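Enquirer: Take this structure, written in structure tokens, and hold onto it; I'll ask about it next.
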Amino acid sequence: MYSVSQTPFEDKDIMLNRKDAGNDRTISKSTITNKSNKRDKFIGNSETTAVTFNLIKAIAGSGVLALPSGIAAMSDYGSSLFPAIALMTVLGGISAYTFAMYGRLVHVSQAKSLGELWEKKKNKRSAWFVSFASFLFCFGACLSYSILLGDVSSSMAQTLGGSGILTSRHFWIILLTTFVLYPLCNLPSLLALAPLSLAGVAAVLMTTMFIVFRCPFVNPGSPYAAVGGTLMKTLSAIQLPRFNTFNNGFCHPSSLILLGMAASAYLGHFTAPNFYHSVKRDECAVPSTSDDGGIDCITAAPEVDPSFQLKADESSVVLKDFFKVTIGGFSAVTIINCFIMAFGFLTFGGNSSGVILNNYSTFDSGATVCRFLTAISVIGGYPFLMSACRSEFLVLWNLRSGRTTASRMMEKRTTFFMLLMLTLGSMLISNAGFVIGLIGAILGSAIVYIFPSLLYLAYTGKMVETKRTRIRVERMFCRLLILFGIVAAFAGGSVSILSNCFPHLLI
């Protein structure tokens, strides 16, 4: 029988009592710290840095390339850029906060997925809805990836002198899905793709630098600075820069498109349990002594007061590392998002495409390199998204069928079926910006703002110290996030559909 003695947490040691064969043994916080320091000799800052790069790669997907079109949907005036950057910065901070909140809740529950976390902390019967939302978002993200692969591959084929079917985006979608994506998504372990995560981060950084350098405001000698330039002559009318023709302002419904895209551009929250467990150092919520005087992992006793457990857990080395990863990852992604959004928009204005790389000429060698790197980045990230999508689907399938696990053959069949649906969808839908804006507005708002807030309110509602100032403030903020998420989901989703299907209604 293991229990935690509830002593004050401030400057005193956490005392953990264990009754073993009638003998009481006491463990101090300093003992736990010493054990953690021993583990730090083997797992240090290098691992945390590697996990941070993985988080950057997980978040900075195709959504970032759609951000300039989010501004273009409401205005082609340069002055619209400043409130857009402010919005992206604020939402980046909120997204980092809710990602960290997922980590805190995973730490005290040891859940392996958002669905399992919801089941443990909120309501078992409604846990399927979280899995369903995560599945739909991952599926939508994979769809935008497939569309992006078709676009960049066909553009590269044109640059290399291809013609006919070789320049067809449909051809490249089918080819890459059949011979590249399907085998990668069926790998028994995705560890082999770890080098591609670093390559993906490098691709995002190089694409960012290219977009900045090609911007006429940064480089007056840019080939996109003069209408009569060599590369400008190769662009179609919808690719040419367009400025100072309309300005709806941030109060116009069209501004909600950028809000939805922002939620998608910061969304990696469904991977929060995975990232928590990737920095976990064999440490559980409540430790116990081992025979050699060290610390073993055990499960917290049900009778432990949640308020004490939350305070003790948040001092954990695991959570501290998780917070470092969260701050580093989201800070880097916020900078990347703002740079691509700002300088992409300042280059093409109101004609910024749903994938900003589509605006650049197929004869632009720099753009061709970025397209190639983007394709590599997307191919490297696709199996991770597919794995999350497949896992959530199988969770739903197991709930329906009453099974507890899925066979390897079932996983392969699920992958085949999903890739088939994604291939058909990406051939029918060509606007990746629409997909990113729609799933970001509806599903992104739910996963980023609504779900973590509901989980935190449910968990802290059981605490005996809910009147503490910090908890009261945080609970109030969570209620505001829920309201914000609901408005962003319904309003942003509606505007995204109207903008793509009935644009005349937004004029």
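Going by the structure tokens order, chains are called A, B, ..., each with residues numbered from 1, while ligands are numbered from 1 in the order shown.
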Which residues come within 8 Å of Leu267 in chain A, counting only C-alpha atoms, excluding same-chain residues fewer than 3 positions away, as a ChimeraX atom specification?

Expert: /A:59,95,263-264,270,444,448

Enquirer: From a backbone DSSP assignment, name each residue in range 88-216 of chain A labelled alpha helix (DSSP H), as a PyMOL selection string.

Expert: chain A and resi 88-109+114-121+127-159+169-176+182-185+194-214

Enquirer: Could you tell me how far CA of Asn244 in chain A sits from CA of Ala491 in chain A, in Å to one decimal place?

Expert: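 Taking CA of Ala491 in chain A as the start and CA of Asn244 in chain A as the end point, the length is 26.6 Å.
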
Enquirer: Give me the residues within 8 Å of Phe393 in chain A as a list in words, counting only C-alpha atoms and dropping any in the same chain fewer than 2 places off.

Expert: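 Within the cut-off, the hits are Ser131, Phe132, Phe135, Cys389, Arg390, Ser391, Val395, Leu396 and Trp397 of chain A.
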
Enquirer: When you look at Val333 in chain A with a cut-off of 10 Å (counting only C-alpha atoms), what residues show up, excluding the ones that are within fewer than 2 positions of it in the same chain? I need them as a VMD selection string.

Expert: chain A and resid 55 to 57 59 to 61 64 92 204 265 to 266 327 to 331 335 to 339

Enquirer: May I ask which of the residues A:Gly381, A:Gly492, A:Gly63, A:Gly461 is the closest one to Leu193 in chain A, counting only C-alpha atoms?

Expert: A:Gly381

Enquirer: Quick check, in Å to one decimal: how far apart do CA of Leu81 in chain A and CA of Ile356 in chain A lie?

Expert: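 Going from CA of Leu81 in chain A over to CA of Ile356 in chain A covers 15.9 Å.
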
Enquirer: If we count only C-alpha atoms and set the cut-off at 12 Å, which residues sit around range 169-175 of chain A, ignoring sequence neighbours fewer than 5 positions away in its own chain? Please answer as an mmCIF file with N, CA and C atoms, in the first residue's frame.

Expert:
```cif
data_model
loop_
_atom_site.group_PDB
_atom_site.id
_atom_site.type_symbol
_atom_site.label_atom_id
_atom_site.label_comp_id
_atom_site.auth_asym_id
_atom_site.auth_seq_id
_atom_site.Cartn_x
_atom_site.Cartn_y
_atom_site.Cartn_z
ATOM 1 N N LEU A 143 -4.531 15.491 -45.919
ATOM 2 C CA LEU A 143 -5.112 15.924 -47.201
ATOM 3 C C LEU A 143 -4.390 17.163 -47.721
ATOM 4 N N SER A 144 -4.122 18.129 -46.847
ATOM 5 C CA SER A 144 -3.397 19.327 -47.279
ATOM 6 C C SER A 144 -1.973 18.977 -47.696
ATOM 7 N N TYR A 145 -1.366 17.995 -47.046
ATOM 8 C CA TYR A 145 -0.034 17.533 -47.427
ATOM 9 C C TYR A 145 -0.047 16.921 -48.825
ATOM 10 N N SER A 146 -1.068 16.115 -49.108
ATOM 11 C CA SER A 146 -1.170 15.481 -50.432
ATOM 12 C C SER A 146 -1.359 16.529 -51.523
ATOM 13 N N ILE A 147 -2.201 17.533 -51.238
ATOM 14 C CA ILE A 147 -2.403 18.619 -52.203
ATOM 15 C C ILE A 147 -1.091 19.362 -52.437
ATOM 16 N N LEU A 148 -0.378 19.643 -51.361
ATOM 17 C CA LEU A 148 0.890 20.356 -51.466
ATOM 18 C C LEU A 148 1.921 19.557 -52.259
ATOM 19 N N LEU A 149 1.980 18.247 -52.027
ATOM 20 C CA LEU A 149 2.918 17.411 -52.776
ATOM 21 C C LEU A 149 2.621 17.441 -54.272
ATOM 22 N N GLY A 150 1.335 17.402 -54.609
ATOM 23 C CA GLY A 150 0.965 17.478 -56.023
ATOM 24 C C GLY A 150 1.361 18.804 -56.646
ATOM 25 N N ASP A 151 1.167 19.888 -55.910
ATOM 26 C CA ASP A 151 1.491 21.228 -56.429
ATOM 27 C C ASP A 151 2.993 21.407 -56.649
ATOM 28 N N VAL A 152 3.790 21.111 -55.620
ATOM 29 C CA VAL A 152 5.225 21.367 -55.731
ATOM 30 C C VAL A 152 5.889 20.409 -56.724
ATOM 31 N N SER A 153 5.376 19.175 -56.816
ATOM 32 C CA SER A 153 5.978 18.207 -57.743
ATOM 33 C C SER A 153 5.708 18.584 -59.193
ATOM 34 N N SER A 154 4.474 19.021 -59.493
ATOM 35 C CA SER A 154 4.157 19.424 -60.859
ATOM 36 C C SER A 154 4.925 20.684 -61.250
ATOM 37 N N SER A 155 5.117 21.601 -60.292
ATOM 38 C CA SER A 155 5.899 22.816 -60.577
ATOM 39 C C SER A 155 7.358 22.473 -60.860
ATOM 40 N N MET A 156 7.917 21.535 -60.085
ATOM 41 C CA MET A 156 9.300 21.128 -60.323
ATOM 42 C C MET A 156 9.442 20.431 -61.667
ATOM 43 N N ALA A 157 8.425 19.659 -62.058
ATOM 44 C CA ALA A 157 8.471 18.984 -63.353
ATOM 45 C C ALA A 157 8.487 20.004 -64.494
ATOM 46 N N GLN A 158 7.714 21.088 -64.348
ATOM 47 C CA GLN A 158 7.715 22.139 -65.370
ATOM 48 C C GLN A 158 9.082 22.822 -65.446
ATOM 49 N N SER A 163 6.609 17.821 -69.681
ATOM 50 C CA SER A 163 5.390 18.217 -70.387
ATOM 51 C C SER A 163 4.375 17.086 -70.295
ATOM 52 N N GLY A 164 3.166 17.401 -70.692
ATOM 53 C CA GLY A 164 2.118 16.390 -70.700
ATOM 54 C C GLY A 164 1.773 15.907 -69.307
ATOM 55 N N VAL A 180 5.953 5.936 -52.506
ATOM 56 C CA VAL A 180 6.727 6.575 -51.430
ATOM 57 C C VAL A 180 5.943 6.580 -50.116
ATOM 58 N N LEU A 181 4.767 7.193 -50.121
ATOM 59 C CA LEU A 181 4.027 7.369 -48.881
ATOM 60 C C LEU A 181 3.517 6.058 -48.298
ATOM 61 N N TYR A 182 2.971 5.203 -49.145
ATOM 62 C CA TYR A 182 2.419 3.942 -48.632
ATOM 63 C C TYR A 182 3.482 3.090 -47.952
ATOM 64 N N ALA A 375 8.868 19.287 -50.377
ATOM 65 C CA ALA A 375 8.407 17.931 -50.675
ATOM 66 C C ALA A 375 9.075 16.916 -49.750
ATOM 67 N N ILE A 379 7.089 14.685 -47.049
ATOM 68 C CA ILE A 379 7.211 13.222 -47.097
ATOM 69 C C ILE A 379 7.719 12.687 -45.757
ATOM 70 N N LEU A 419 -5.163 6.204 -47.294
ATOM 71 C CA LEU A 419 -4.398 6.790 -48.388
ATOM 72 C C LEU A 419 -5.217 6.826 -49.674
ATOM 73 N N LEU A 420 -6.065 5.843 -49.868
ATOM 74 C CA LEU A 420 -6.944 5.850 -51.039
ATOM 75 C C LEU A 420 -7.898 7.041 -50.974
ATOM 76 N N MET A 421 -8.515 7.244 -49.809
ATOM 77 C CA MET A 421 -9.430 8.370 -49.645
ATOM 78 C C MET A 421 -8.699 9.711 -49.780
ATOM 79 N N LEU A 422 -7.498 9.783 -49.235
ATOM 80 C CA LEU A 422 -6.718 11.017 -49.319
ATOM 81 C C LEU A 422 -6.291 11.318 -50.748
ATOM 82 N N THR A 423 -5.946 10.282 -51.502
ATOM 83 C CA THR A 423 -5.554 10.477 -52.898
ATOM 84 C C THR A 423 -6.722 11.014 -53.715
ATOM 85 N N LEU A 424 -7.891 10.418 -53.534
ATOM 86 C CA LEU A 424 -9.080 10.881 -54.259
ATOM 87 C C LEU A 424 -9.432 12.311 -53.849
ATOM 88 N N GLY A 425 -9.359 12.596 -52.552
ATOM 89 C CA GLY A 425 -9.692 13.929 -52.071
ATOM 90 C C GLY A 425 -8.750 14.993 -52.589
ATOM 91 N N SER A 426 -7.449 14.692 -52.600
ATOM 92 C CA SER A 426 -6.465 15.675 -53.062
ATOM 93 C C SER A 426 -6.529 15.891 -54.572
ATOM 94 N N MET A 427 -7.070 14.933 -55.307
ATOM 95 C CA MET A 427 -7.244 15.111 -56.749
ATOM 96 C C MET A 427 -8.475 15.954 -57.059
ATOM 97 N N LEU A 428 -9.454 15.919 -56.157
ATOM 98 C CA LEU A 428 -10.681 16.696 -56.358
ATOM 99 C C LEU A 428 -10.564 18.109 -55.809
ATOM 100 N N ILE A 429 -9.774 18.287 -54.739
ATOM 101 C CA ILE A 429 -9.609 19.593 -54.102
ATOM 102 C C ILE A 429 -8.211 20.098 -54.396
ATOM 103 N N SER A 430 -8.110 21.302 -54.920
ATOM 104 C CA SER A 430 -6.796 21.839 -55.288
ATOM 105 C C SER A 430 -6.342 22.991 -54.399
#
```

Enquirer: As a PDB file with C-alpha atoms, in the first residue's frame, please: the residues near Glu392 in chain A (cut-off 12 Å, only C-alpha atoms, same-chain neighbours under 4 positions excluded).

Expert:
```pdb
ATOM      1  CA  LYS A 112      -0.980   7.816 -24.037  1.00  0.00           C
ATOM      2  CA  SER A 113      -3.422   9.816 -26.198  1.00  0.00           C
ATOM      3  CA  LEU A 114      -5.870  12.694 -25.944  1.00  0.00           C
ATOM      4  CA  GLY A 115      -8.768  10.251 -26.036  1.00  0.00           C
ATOM      5  CA  GLU A 116      -7.354   8.308 -23.094  1.00  0.00           C
ATOM      6  CA  ALA A 127     -13.972  10.148 -24.967  1.00  0.00           C
ATOM      7  CA  TRP A 128     -14.798   8.965 -28.485  1.00  0.00           C
ATOM      8  CA  PHE A 129     -15.513  12.560 -29.515  1.00  0.00           C
ATOM      9  CA  VAL A 130     -11.942  13.667 -28.743  1.00  0.00           C
ATOM     10  CA  SER A 131     -10.543  10.744 -30.724  1.00  0.00           C
ATOM     11  CA  PHE A 132     -12.930  11.579 -33.573  1.00  0.00           C
ATOM     12  CA  ALA A 133     -11.850  15.241 -33.618  1.00  0.00           C
ATOM     13  CA  SER A 134      -8.167  14.259 -33.553  1.00  0.00           C
ATOM     14  CA  PHE A 135      -8.772  11.782 -36.363  1.00  0.00           C
ATOM     15  CA  LEU A 136     -10.522  14.367 -38.530  1.00  0.00           C
ATOM     16  CA  PHE A 137      -7.796  16.935 -37.988  1.00  0.00           C
ATOM     17  CA  CYS A 138      -4.994  14.487 -38.805  1.00  0.00           C
ATOM     18  CA  PHE A 139      -6.930  13.354 -41.877  1.00  0.00           C
ATOM     19  CA  PHE A 270      -2.684  15.892 -30.538  1.00  0.00           C
ATOM     20  CA  THR A 271       0.982  14.835 -30.247  1.00  0.00           C
ATOM     21  CA  LEU A 385       0.542  12.316 -39.201  1.00  0.00           C
ATOM     22  CA  MET A 386      -0.750   9.112 -40.755  1.00  0.00           C
ATOM     23  CA  SER A 387       0.316   7.157 -37.682  1.00  0.00           C
ATOM     24  CA  ALA A 388      -1.644   9.525 -35.420  1.00  0.00           C
ATOM     25  CA  LEU A 396     -12.784   4.462 -32.546  1.00  0.00           C
ATOM     26  CA  TRP A 397     -12.971   1.108 -34.318  1.00  0.00           C
ATOM     27  CA  ASN A 398     -12.033  -0.784 -31.167  1.00  0.00           C
ATOM     28  CA  LEU A 399     -14.655   1.113 -29.174  1.00  0.00           C
ATOM     29  CA  ALA A 406      -5.544  -4.065 -33.587  1.00  0.00           C
ATOM     30  CA  GLU A 411      -3.156  -1.422 -39.416  1.00  0.00           C
ATOM     31  CA  THR A 414      -6.465   0.962 -42.479  1.00  0.00           C
TER      32      THR A 414
END
```

Enquirer: Go through range 333-438 of chain A residue by residue and, counting only C-alpha atoms, keep those with an atom at most 10 Å from range 222-230 of chain A; for each kept residue give the shortest atom pair and its distance in Å to one decimal, ordered by chain and increasing number, as a Markdown table.

Expert:
```
| residue | atom | partner | partner_atom | distance |
| --- | --- | --- | --- | --- |
| A:Thr347 | CA | A:Tyr224 | CA | 7.2 |
| A:Phe348 | CA | A:Tyr224 | CA | 8.5 |
| A:Tyr360 | CA | A:Tyr224 | CA | 8.7 |
| A:Ser361 | CA | A:Tyr224 | CA | 9.5 |
| A:Phe363 | CA | A:Thr230 | CA | 9.5 |
| A:Asp364 | CA | A:Pro223 | CA | 9.0 |
```
